[in-house]
Amino acid sequence: MTMLYGVVLLVVVQRLVELAIAARNTARLRQAGAVEYGARHYPLFILLHGTWLASVALLIPADQAANLWLLSALIVLLLARFWVMTSLGPYWTTRIIRLPHGPIVSSGPYRWVRHPNYLIVTGEIAVLPLVFGAWKIAIVFSLLNALLLRHRIRIENAALGETT
């Protein structure tokens, strides 16, 4: 397996594990009376991330050398996602799910940044293709992600503001 495919596989496996954890947490939160906000745009994130990973796997030559400094940065970003997930614990999902009167988490990276996961994902979307010199993929998907996040953050801020 080439470095490119190994790295893409690592990110795909991480995303699939995250989706499974998110589905479990979402079901549990809904059973407790949580409400979902912005459900209509959620499939666009699935499409964006799937297309981004497919573009990296299919448009970059399999034998393309990796920039080890950027690869190290990507690994730090992947670990930072785990920090976000553990900070939110049972409240972490890939959707905007709000439990009425539930806590607003302010520990972990949330001490310093309101939406740390979005910063991390923004970094991942840019850095993964850049590890292999694919700056065009990095630019296109970073712009698409920025447009979606702009919409999502407005919805999430409104959802959080309902109970703060």
# chains A, B, ... in the order shown; residues from 1 in each chain; ligands from 1
$ select_by_dssp --residues "region 8-120 of chain A" --states "strand (DSSP E or B)" --output "ChimeraX atom specification"
/A:35-37,96-98
$ closest_atom_pairs --of "region 41-144 of chain A" --to "region 28-32 of chain A" --cutoff "12 Å" --atoms "only C-alpha atoms" --output "Markdown table"
| residue | atom | partner | partner_atom | distance |
| --- | --- | --- | --- | --- |
| A:Gly89 | CA | A:Leu29 | CA | 11.7 |
| A:Pro90 | CA | A:Leu29 | CA | 8.1 |
| A:Tyr91 | CA | A:Leu29 | CA | 7.4 |
| A:Trp92 | CA | A:Leu29 | CA | 9.7 |
| A:Thr93 | CA | A:Leu29 | CA | 9.5 |
| A:Arg95 | CA | A:Leu29 | CA | 11.2 |
| A:Ile96 | CA | A:Leu29 | CA | 11.1 |
| A:Ile97 | CA | A:Leu29 | CA | 7.6 |
| A:Arg98 | CA | A:Leu29 | CA | 8.0 |
| A:Leu99 | CA | A:Leu29 | CA | 6.7 |
| A:Pro100 | CA | A:Ala32 | CA | 9.3 |
| A:His101 | CA | A:Ala32 | CA | 11.2 |
| A:Gly102 | CA | A:Leu29 | CA | 10.1 |
$ residues_around --residues "Pro129 (chain A)" --least-positions-apart "4" --cutoff "7 Å" --atoms "only C-alpha atoms" --output "list of chain:residue names"
A:Val56, A:Gly133, A:Ala134, A:Trp135, A:Ile137, A:Ala138
$ select_by_dssp --residues "region 1-163 of chain A" --states "helix (DSSP H, G or I)" --output "PyMOL selection string"
chain A and resi 3-31+39-59+68-91+108-111+116-131+135-161
$ residues_around --residues "region 111-115 of chain A" --least-positions-apart "3" --cutoff "10 Å" --atoms "only C-alpha atoms" --output "ChimeraX atom specification"
/A:84,105-108,118-120,153,156-157
$ residues_around --residues "Leu148 (chain A)" --least-positions-apart "3" --cutoff "8 Å" --atoms "only C-alpha atoms" --output "VMD selection string"
chain A and resid 44 to 45 144 to 145 151 to 152
